[in-house]
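Novice: Here you go, this is structure_37.txt (compact mmCIF, N, CA and C atoms).
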# COMPACT_ATOMS: atom_id res chain seq x y z
N MET A 159 -34.98 11.34 -0.49
CA MET A 159 -35.27 9.93 -0.42
C MET A 159 -36.35 9.74 0.65
N ASN A 160 -37.38 9.00 0.31
CA ASN A 160 -38.44 8.78 1.30
C ASN A 160 -38.01 7.71 2.30
N ARG A 161 -38.83 7.59 3.33
CA ARG A 161 -38.49 6.69 4.43
C ARG A 161 -38.37 5.24 3.97
N ARG A 162 -39.25 4.82 3.10
CA ARG A 162 -39.22 3.43 2.62
C ARG A 162 -37.94 3.17 1.81
N SER A 163 -37.59 4.10 0.94
CA SER A 163 -36.37 3.94 0.15
C SER A 163 -35.14 3.88 1.04
N ALA A 164 -35.13 4.72 2.07
CA ALA A 164 -34.01 4.72 3.00
C ALA A 164 -33.92 3.38 3.73
N LEU A 165 -35.08 2.85 4.12
CA LEU A 165 -35.11 1.57 4.82
C LEU A 165 -34.61 0.45 3.90
N VAL A 166 -35.07 0.43 2.66
CA VAL A 166 -34.65 -0.59 1.70
C VAL A 166 -33.14 -0.49 1.46
N SER A 167 -32.64 0.73 1.29
CA SER A 167 -31.20 0.92 1.07
C SER A 167 -30.41 0.44 2.27
N GLY A 168 -30.88 0.79 3.46
CA GLY A 168 -30.19 0.37 4.68
C GLY A 168 -30.18 -1.14 4.83
N LEU A 169 -31.30 -1.77 4.53
CA LEU A 169 -31.36 -3.23 4.62
C LEU A 169 -30.45 -3.89 3.59
N ALA A 170 -30.42 -3.34 2.40
CA ALA A 170 -29.54 -3.89 1.37
C ALA A 170 -28.09 -3.83 1.82
N CYS A 171 -27.71 -2.72 2.42
CA CYS A 171 -26.35 -2.58 2.95
C CYS A 171 -26.10 -3.61 4.05
N ALA A 172 -27.04 -3.73 4.96
CA ALA A 172 -26.87 -4.65 6.08
C ALA A 172 -26.77 -6.09 5.59
N VAL A 173 -27.58 -6.45 4.62
CA VAL A 173 -27.55 -7.81 4.08
C VAL A 173 -26.24 -8.08 3.37
N SER A 174 -25.74 -7.09 2.64
CA SER A 174 -24.50 -7.32 1.90
C SER A 174 -23.28 -7.36 2.80
N TYR A 175 -23.32 -6.68 3.94
CA TYR A 175 -22.16 -6.66 4.83
C TYR A 175 -22.37 -7.44 6.13
N GLY A 176 -23.60 -7.46 6.61
CA GLY A 176 -23.89 -8.00 7.93
C GLY A 176 -23.47 -9.43 8.17
N PRO A 177 -23.83 -10.38 7.31
CA PRO A 177 -23.56 -11.77 7.65
C PRO A 177 -22.10 -12.18 7.53
N PHE A 178 -21.29 -11.32 7.00
CA PHE A 178 -19.90 -11.67 6.79
C PHE A 178 -19.02 -10.92 7.79
N ALA A 179 -18.25 -11.64 8.54
CA ALA A 179 -17.31 -11.01 9.46
C ALA A 179 -16.04 -10.70 8.67
N HIS A 180 -15.66 -9.47 8.68
CA HIS A 180 -14.45 -9.07 7.97
C HIS A 180 -13.28 -9.10 8.94
N ALA A 181 -12.34 -9.93 8.64
CA ALA A 181 -11.16 -10.02 9.47
C ALA A 181 -10.15 -8.99 9.01
N ALA A 182 -9.50 -8.36 9.96
CA ALA A 182 -8.44 -7.43 9.62
C ALA A 182 -7.23 -8.23 9.15
N PRO A 183 -6.37 -7.61 8.37
CA PRO A 183 -5.13 -8.31 8.00
C PRO A 183 -4.37 -8.71 9.26
N PRO A 184 -3.54 -9.73 9.18
CA PRO A 184 -2.74 -10.13 10.34
C PRO A 184 -1.94 -8.95 10.89
N VAL A 185 -1.64 -9.00 12.17
CA VAL A 185 -0.95 -7.88 12.84
C VAL A 185 0.37 -7.54 12.14
N ILE A 186 1.14 -8.54 11.74
CA ILE A 186 2.42 -8.26 11.09
C ILE A 186 2.19 -7.51 9.78
N ALA A 187 1.17 -7.87 9.03
CA ALA A 187 0.87 -7.17 7.78
C ALA A 187 0.43 -5.74 8.08
N GLN A 188 -0.41 -5.56 9.08
CA GLN A 188 -0.85 -4.21 9.44
C GLN A 188 0.34 -3.35 9.85
N THR A 189 1.26 -3.92 10.60
CA THR A 189 2.45 -3.19 11.04
C THR A 189 3.30 -2.77 9.84
N GLU A 190 3.53 -3.70 8.93
CA GLU A 190 4.34 -3.38 7.74
C GLU A 190 3.64 -2.37 6.85
N ILE A 191 2.35 -2.51 6.66
CA ILE A 191 1.59 -1.59 5.81
C ILE A 191 1.58 -0.20 6.43
N ASN A 192 1.35 -0.12 7.72
CA ASN A 192 1.38 1.19 8.39
C ASN A 192 2.76 1.82 8.29
N TYR A 193 3.81 1.00 8.39
CA TYR A 193 5.16 1.52 8.19
C TYR A 193 5.31 2.12 6.79
N LEU A 194 4.86 1.37 5.76
CA LEU A 194 4.98 1.86 4.38
C LEU A 194 4.17 3.13 4.16
N LEU A 195 2.96 3.19 4.70
CA LEU A 195 2.15 4.39 4.55
C LEU A 195 2.79 5.58 5.26
N GLY A 196 3.36 5.35 6.43
CA GLY A 196 4.07 6.42 7.14
C GLY A 196 5.30 6.87 6.39
N LEU A 197 6.01 5.92 5.81
CA LEU A 197 7.20 6.25 5.01
C LEU A 197 6.82 7.12 3.82
N ILE A 198 5.73 6.78 3.16
CA ILE A 198 5.26 7.59 2.04
C ILE A 198 5.00 9.01 2.51
N GLU A 199 4.24 9.13 3.59
CA GLU A 199 3.85 10.46 4.07
C GLU A 199 5.06 11.31 4.47
N ARG A 200 6.07 10.69 5.04
CA ARG A 200 7.27 11.41 5.50
C ARG A 200 8.32 11.59 4.41
N SER A 201 8.13 10.97 3.27
CA SER A 201 9.18 10.90 2.25
C SER A 201 9.54 12.23 1.61
N GLY A 202 8.58 13.12 1.49
CA GLY A 202 8.83 14.35 0.76
C GLY A 202 8.86 14.14 -0.75
N CYS A 203 8.54 12.94 -1.19
CA CYS A 203 8.57 12.60 -2.61
C CYS A 203 7.27 13.06 -3.29
N MET A 204 7.31 13.05 -4.60
CA MET A 204 6.13 13.36 -5.40
C MET A 204 5.66 12.05 -6.05
N PHE A 205 4.34 11.87 -6.09
CA PHE A 205 3.76 10.64 -6.61
C PHE A 205 2.92 10.94 -7.84
N TYR A 206 3.13 10.13 -8.87
CA TYR A 206 2.44 10.30 -10.15
C TYR A 206 1.29 9.33 -10.23
N ARG A 207 0.10 9.88 -10.47
CA ARG A 207 -1.10 9.06 -10.57
C ARG A 207 -2.02 9.66 -11.62
N ASN A 208 -2.34 8.88 -12.64
CA ASN A 208 -3.29 9.28 -13.67
C ASN A 208 -3.00 10.64 -14.29
N GLY A 209 -1.74 10.88 -14.62
CA GLY A 209 -1.36 12.08 -15.34
C GLY A 209 -1.04 13.29 -14.50
N SER A 210 -1.08 13.16 -13.17
CA SER A 210 -0.78 14.30 -12.30
C SER A 210 0.18 13.88 -11.19
N TRP A 211 0.94 14.86 -10.70
CA TRP A 211 1.85 14.65 -9.59
C TRP A 211 1.17 15.11 -8.30
N TYR A 212 1.35 14.34 -7.23
CA TYR A 212 0.75 14.63 -5.93
C TYR A 212 1.84 14.61 -4.87
N ASP A 213 1.67 15.43 -3.83
CA ASP A 213 2.66 15.41 -2.76
C ASP A 213 2.49 14.15 -1.91
N ALA A 214 3.44 13.92 -1.04
CA ALA A 214 3.48 12.70 -0.25
C ALA A 214 2.25 12.55 0.64
N ARG A 215 1.77 13.63 1.22
CA ARG A 215 0.60 13.57 2.08
C ARG A 215 -0.64 13.13 1.29
N GLN A 216 -0.82 13.70 0.11
CA GLN A 216 -1.95 13.33 -0.74
C GLN A 216 -1.84 11.87 -1.19
N ALA A 217 -0.64 11.46 -1.52
CA ALA A 217 -0.43 10.07 -1.96
C ALA A 217 -0.76 9.11 -0.83
N GLN A 218 -0.29 9.41 0.36
CA GLN A 218 -0.56 8.55 1.50
C GLN A 218 -2.06 8.46 1.76
N ALA A 219 -2.76 9.57 1.71
CA ALA A 219 -4.20 9.58 1.97
C ALA A 219 -4.94 8.75 0.92
N HIS A 220 -4.52 8.87 -0.33
CA HIS A 220 -5.16 8.10 -1.40
C HIS A 220 -4.92 6.60 -1.20
N LEU A 221 -3.68 6.22 -0.93
CA LEU A 221 -3.37 4.81 -0.75
C LEU A 221 -4.01 4.25 0.51
N ARG A 222 -4.09 5.05 1.56
CA ARG A 222 -4.76 4.62 2.80
C ARG A 222 -6.24 4.33 2.52
N SER A 223 -6.86 5.19 1.74
CA SER A 223 -8.27 5.01 1.41
C SER A 223 -8.47 3.71 0.61
N LYS A 224 -7.62 3.48 -0.38
CA LYS A 224 -7.71 2.24 -1.16
C LYS A 224 -7.47 1.02 -0.27
N TYR A 225 -6.47 1.12 0.59
CA TYR A 225 -6.15 0.03 1.50
C TYR A 225 -7.33 -0.29 2.41
N ASP A 226 -7.91 0.73 3.02
CA ASP A 226 -9.03 0.52 3.93
C ASP A 226 -10.18 -0.20 3.22
N ALA A 227 -10.48 0.22 2.00
CA ALA A 227 -11.57 -0.39 1.24
C ALA A 227 -11.28 -1.86 0.93
N LEU A 228 -10.07 -2.14 0.48
CA LEU A 228 -9.72 -3.52 0.13
C LEU A 228 -9.58 -4.41 1.37
N ALA A 229 -9.06 -3.86 2.45
CA ALA A 229 -8.94 -4.63 3.70
C ALA A 229 -10.33 -5.00 4.22
N ALA A 230 -11.29 -4.11 4.06
CA ALA A 230 -12.67 -4.39 4.50
C ALA A 230 -13.28 -5.53 3.71
N MET A 231 -12.77 -5.77 2.51
CA MET A 231 -13.25 -6.88 1.68
C MET A 231 -12.36 -8.12 1.82
N ASP A 232 -11.48 -8.11 2.82
CA ASP A 232 -10.56 -9.22 3.07
C ASP A 232 -9.64 -9.51 1.90
N ARG A 233 -9.26 -8.48 1.16
CA ARG A 233 -8.38 -8.69 0.01
C ARG A 233 -6.92 -8.37 0.32
N ILE A 234 -6.63 -7.88 1.51
CA ILE A 234 -5.26 -7.55 1.89
C ILE A 234 -4.88 -8.41 3.09
N LEU A 235 -3.98 -9.36 2.87
CA LEU A 235 -3.52 -10.23 3.95
C LEU A 235 -2.04 -10.04 4.25
N THR A 236 -1.31 -9.44 3.31
CA THR A 236 0.13 -9.24 3.48
C THR A 236 0.52 -7.85 2.98
N ALA A 237 1.72 -7.44 3.32
CA ALA A 237 2.23 -6.18 2.79
C ALA A 237 2.38 -6.25 1.28
N GLU A 238 2.70 -7.42 0.77
CA GLU A 238 2.80 -7.59 -0.69
C GLU A 238 1.43 -7.39 -1.35
N ASP A 239 0.37 -7.88 -0.70
CA ASP A 239 -0.99 -7.64 -1.22
C ASP A 239 -1.26 -6.14 -1.28
N PHE A 240 -0.88 -5.44 -0.23
CA PHE A 240 -1.05 -3.98 -0.20
C PHE A 240 -0.36 -3.34 -1.39
N ILE A 241 0.89 -3.71 -1.62
CA ILE A 241 1.65 -3.11 -2.72
C ILE A 241 0.99 -3.44 -4.05
N GLU A 242 0.69 -4.72 -4.28
CA GLU A 242 0.15 -5.15 -5.57
C GLU A 242 -1.24 -4.59 -5.85
N GLN A 243 -2.11 -4.60 -4.85
CA GLN A 243 -3.50 -4.26 -5.09
C GLN A 243 -3.84 -2.79 -4.83
N THR A 244 -2.99 -2.12 -4.08
CA THR A 244 -3.29 -0.75 -3.69
C THR A 244 -2.33 0.26 -4.29
N ALA A 245 -1.06 -0.05 -4.31
CA ALA A 245 -0.05 0.96 -4.57
C ALA A 245 0.70 0.81 -5.89
N THR A 246 0.30 -0.10 -6.74
CA THR A 246 1.01 -0.34 -7.99
C THR A 246 0.44 0.44 -9.17
N LYS A 247 -0.90 0.48 -9.24
CA LYS A 247 -1.52 1.13 -10.40
C LYS A 247 -2.91 1.63 -10.04
N SER A 248 -3.42 2.47 -10.89
CA SER A 248 -4.76 3.01 -10.72
C SER A 248 -5.80 1.93 -10.95
N SER A 249 -6.76 1.86 -10.06
CA SER A 249 -7.86 0.91 -10.23
C SER A 249 -8.77 1.34 -11.37
N LEU A 250 -8.79 2.63 -11.66
CA LEU A 250 -9.67 3.15 -12.71
C LEU A 250 -9.04 3.06 -14.10
N SER A 251 -7.81 3.57 -14.23
CA SER A 251 -7.19 3.64 -15.55
C SER A 251 -6.26 2.47 -15.85
N GLY A 252 -5.78 1.79 -14.80
CA GLY A 252 -4.81 0.72 -14.99
C GLY A 252 -3.39 1.22 -15.18
N LYS A 253 -3.19 2.55 -15.15
CA LYS A 253 -1.86 3.12 -15.34
C LYS A 253 -1.04 2.98 -14.07
N ALA A 254 0.25 2.66 -14.26
CA ALA A 254 1.16 2.47 -13.13
C ALA A 254 1.39 3.78 -12.39
N TYR A 255 1.52 3.67 -11.07
CA TYR A 255 1.92 4.80 -10.24
C TYR A 255 3.44 4.91 -10.29
N ALA A 256 3.94 6.12 -10.10
CA ALA A 256 5.39 6.34 -10.07
C ALA A 256 5.72 7.29 -8.94
N ILE A 257 7.00 7.35 -8.60
CA ILE A 257 7.47 8.21 -7.52
C ILE A 257 8.77 8.89 -7.93
N ARG A 258 8.88 10.14 -7.51
CA ARG A 258 10.11 10.92 -7.78
C ARG A 258 10.55 11.54 -6.46
N CYS A 259 11.75 11.17 -6.03
CA CYS A 259 12.31 11.69 -4.78
C CYS A 259 13.57 12.49 -5.08
N ASN A 260 13.53 13.77 -4.75
CA ASN A 260 14.68 14.65 -4.95
C ASN A 260 15.20 14.55 -6.38
N SER A 261 16.48 14.28 -6.53
CA SER A 261 17.07 14.18 -7.87
C SER A 261 17.18 12.73 -8.35
N ASP A 262 16.63 11.80 -7.58
CA ASP A 262 16.65 10.40 -7.99
C ASP A 262 15.78 10.21 -9.23
N PRO A 263 16.08 9.19 -10.01
CA PRO A 263 15.23 8.91 -11.18
C PRO A 263 13.82 8.50 -10.75
N VAL A 264 12.87 8.72 -11.61
CA VAL A 264 11.50 8.30 -11.36
C VAL A 264 11.46 6.77 -11.41
N VAL A 265 10.80 6.15 -10.42
CA VAL A 265 10.63 4.70 -10.38
C VAL A 265 9.16 4.39 -10.11
N THR A 266 8.78 3.16 -10.38
CA THR A 266 7.42 2.77 -10.07
C THR A 266 7.25 2.69 -8.55
N THR A 267 6.05 2.96 -8.08
CA THR A 267 5.80 2.81 -6.65
C THR A 267 5.93 1.35 -6.24
N ASP A 268 5.62 0.45 -7.15
CA ASP A 268 5.77 -0.97 -6.88
C ASP A 268 7.21 -1.26 -6.45
N GLN A 269 8.18 -0.82 -7.25
CA GLN A 269 9.58 -1.09 -6.93
C GLN A 269 10.02 -0.34 -5.67
N TRP A 270 9.63 0.92 -5.56
CA TRP A 270 10.02 1.75 -4.41
C TRP A 270 9.52 1.12 -3.11
N LEU A 271 8.27 0.68 -3.09
CA LEU A 271 7.70 0.10 -1.87
C LEU A 271 8.27 -1.29 -1.58
N ARG A 272 8.53 -2.08 -2.62
CA ARG A 272 9.14 -3.41 -2.39
C ARG A 272 10.55 -3.25 -1.80
N ASP A 273 11.30 -2.29 -2.31
CA ASP A 273 12.64 -2.02 -1.76
C ASP A 273 12.54 -1.56 -0.31
N ALA A 274 11.58 -0.66 -0.03
CA ALA A 274 11.40 -0.16 1.33
C ALA A 274 10.98 -1.29 2.27
N LEU A 275 10.11 -2.16 1.82
CA LEU A 275 9.67 -3.29 2.63
C LEU A 275 10.83 -4.23 2.92
N ALA A 276 11.66 -4.50 1.93
CA ALA A 276 12.83 -5.36 2.13
C ALA A 276 13.78 -4.75 3.18
N ARG A 277 14.01 -3.44 3.09
CA ARG A 277 14.88 -2.77 4.06
C ARG A 277 14.27 -2.85 5.47
N TYR A 278 12.98 -2.64 5.55
CA TYR A 278 12.29 -2.69 6.84
C TYR A 278 12.43 -4.08 7.46
N ARG A 279 12.18 -5.11 6.66
CA ARG A 279 12.27 -6.48 7.19
C ARG A 279 13.70 -6.84 7.59
N LEU A 280 14.66 -6.38 6.83
CA LEU A 280 16.06 -6.63 7.16
C LEU A 280 16.42 -5.97 8.50
N ALA A 281 15.98 -4.75 8.68
CA ALA A 281 16.27 -4.01 9.91
C ALA A 281 15.53 -4.63 11.11
N ALA A 282 14.35 -5.16 10.86
CA ALA A 282 13.55 -5.76 11.94
C ALA A 282 14.11 -7.11 12.39
N GLY A 283 14.94 -7.68 11.50
CA GLY A 283 15.62 -8.93 11.83
C GLY A 283 14.74 -10.09 11.75
Give the structure from the file, written as structure tokens.
Specialist:
Amino acid sequence: MNRRSALVSGLACAVSYGPFAHAAPPVIAQTEINYLLGLIERSGCMFYRNGSWYDARQAQAHLRSKYDALAAMDRILTAEDFIEQTATKSSLSGKAYAIRCNSDPVVTTDQWLRDALARYRLAAG
């Protein structure tokens, strides 16, 4: 890429992002989302995405990446937003994500995370 092309690309990026201040999700949402992401990583469960099973660490990294991108666009304001927009289905294929923990039946990540969030909120009082 020549210098002029690099400059034009850089300016286009700056114009598209520069004038808009991106607010982070509220602290309570960030706390709940970080809890859910940590729970995923520590779960030892297997996550189904687009026809393949992934370990908990890979699943957490994938969902963290999606979350970071959507939060930067101010699309994540609550833990429910995180679940619905990041952890329910593939953005590419539209196929639902699923989770399998030990000998438990396979469930959607949507249900698994909503249940985990409810337990977290109950315990937090």
Novice: Rank A:Gln218, A:Ala274, A:Ala281, A:Ala229 by their smallest atom-to-atom distance to Gly196 in chain A, using only N, CA and C atoms, and report the top residue only.
Specialist: A:Gln218
Novice: Taking 5 positions as the minimum chain separation for residues in the same chain, which residues sit within 7 Å of Glu199 in chain A when counting only N, CA and C atoms? Answer as number ranges by chain.
Specialist: A: 194, 214-218
Novice: Of the candidates A:Ile257, A:Phe205, A:Arg272, A:Glu238, which one gets nearest to Ile186 in chain A if we count only C-alpha atoms?
Specialist: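 Residue with the minimum atom-to-atom distance to Ile186 in chain A: A:Glu238.
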Novice: Provide the CA of Met204 in chain A to atom C of Arg277 in chain A distance in Å, to one decimal place.
Specialist: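 According to the coordinates, CA of Met204 in chain A and atom C of Arg277 in chain A are separated by 21.1 Å.
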Novice: Neighbours of Gln188 in chain A within 8 Å (only C-alpha atoms; same-chain residues fewer than 5 positions away dropped), as an MDAnalysis selection string?
Specialist: chainID A and resid 183 236:237
Novice: Can I get the selected residues back with N, CA and C atoms, as a CSV table (one decimal), in the frame of the given file?
Specialist:
chain,number,residue,atom,x,y,z
A,183,PRO,N,-6.4,-7.6,8.4
A,183,PRO,CA,-5.1,-8.3,8.0
A,183,PRO,C,-4.4,-8.7,9.3
A,236,THR,N,-1.3,-9.4,3.3
A,236,THR,CA,0.1,-9.2,3.5
A,236,THR,C,0.5,-7.8,3.0
A,237,ALA,N,1.7,-7.4,3.3
A,237,ALA,CA,2.2,-6.2,2.8
A,237,ALA,C,2.4,-6.2,1.3
Novice: Pick out the closest residue to Thr267 in chain A from this set: A:Tyr193, A:Tyr206, A:Tyr212, A:Tyr225. Count all atoms listed in the file.
Specialist: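 The closest residue to Thr267 in chain A is A:Tyr206.
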Novice: If you run DSSP over the backbone, which residues in chain A end up alpha helix (DSSP H)? Put them as a ChimeraX atom specification.
Specialist: /A:161-175,185-200,214-230,237-244,267-282
Novice: Measure the distance from CA of Arg233 in chain A to CA of Ala182 in chain A in Å and round it to one decimal.
Specialist: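 Pair CA of Arg233 in chain A / CA of Ala182 in chain A returns 9.7 Å.
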Novice: Tell me, in Å to one decimal, how far atom C of Asp226 in chain A is from atom N of Ile191 in chain A.
Specialist: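 A separation of 13.2 Å between them.
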Novice: Env of Ser261 in chain A: 12 Å cut, atoms = only C-alpha atoms, seq-sep filter 2 positions within chain, self excluded. Answer as a ChimeraX atom specification.
Specialist: /A:202-204,257-259,263-265
Novice: Enclose all atoms of range 203-206 of chain A listed in the file in an axis-aligned box, grow every side by 3 Å, and hand back centre and edge lengths in Å to one decimal, as lines of an AutoDock Vina configuration file.
Specialist:
center_x = 4.9
center_y = 11.3
center_z = -5.7
size_x = 13.3
size_y = 10.0
size_z = 15.0
Novice: Which residue out of A:Ala254, A:Leu221, A:Gln243, A:Leu275 has the minimum interatomic distance to Glu190 in chain A when only C-alpha atoms are used?
Specialist: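 Nearest candidate to Glu190 in chain A out of A:Ala254, A:Leu221, A:Gln243, A:Leu275: A:Leu275.
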Novice: For the strand (DSSP E or B) assignment from backbone DSSP, which residues of chain A qualify? Please present them as a ChimeraX atom specification.
Specialist: /A:204-207,210-213,247,254,256-258,265-266
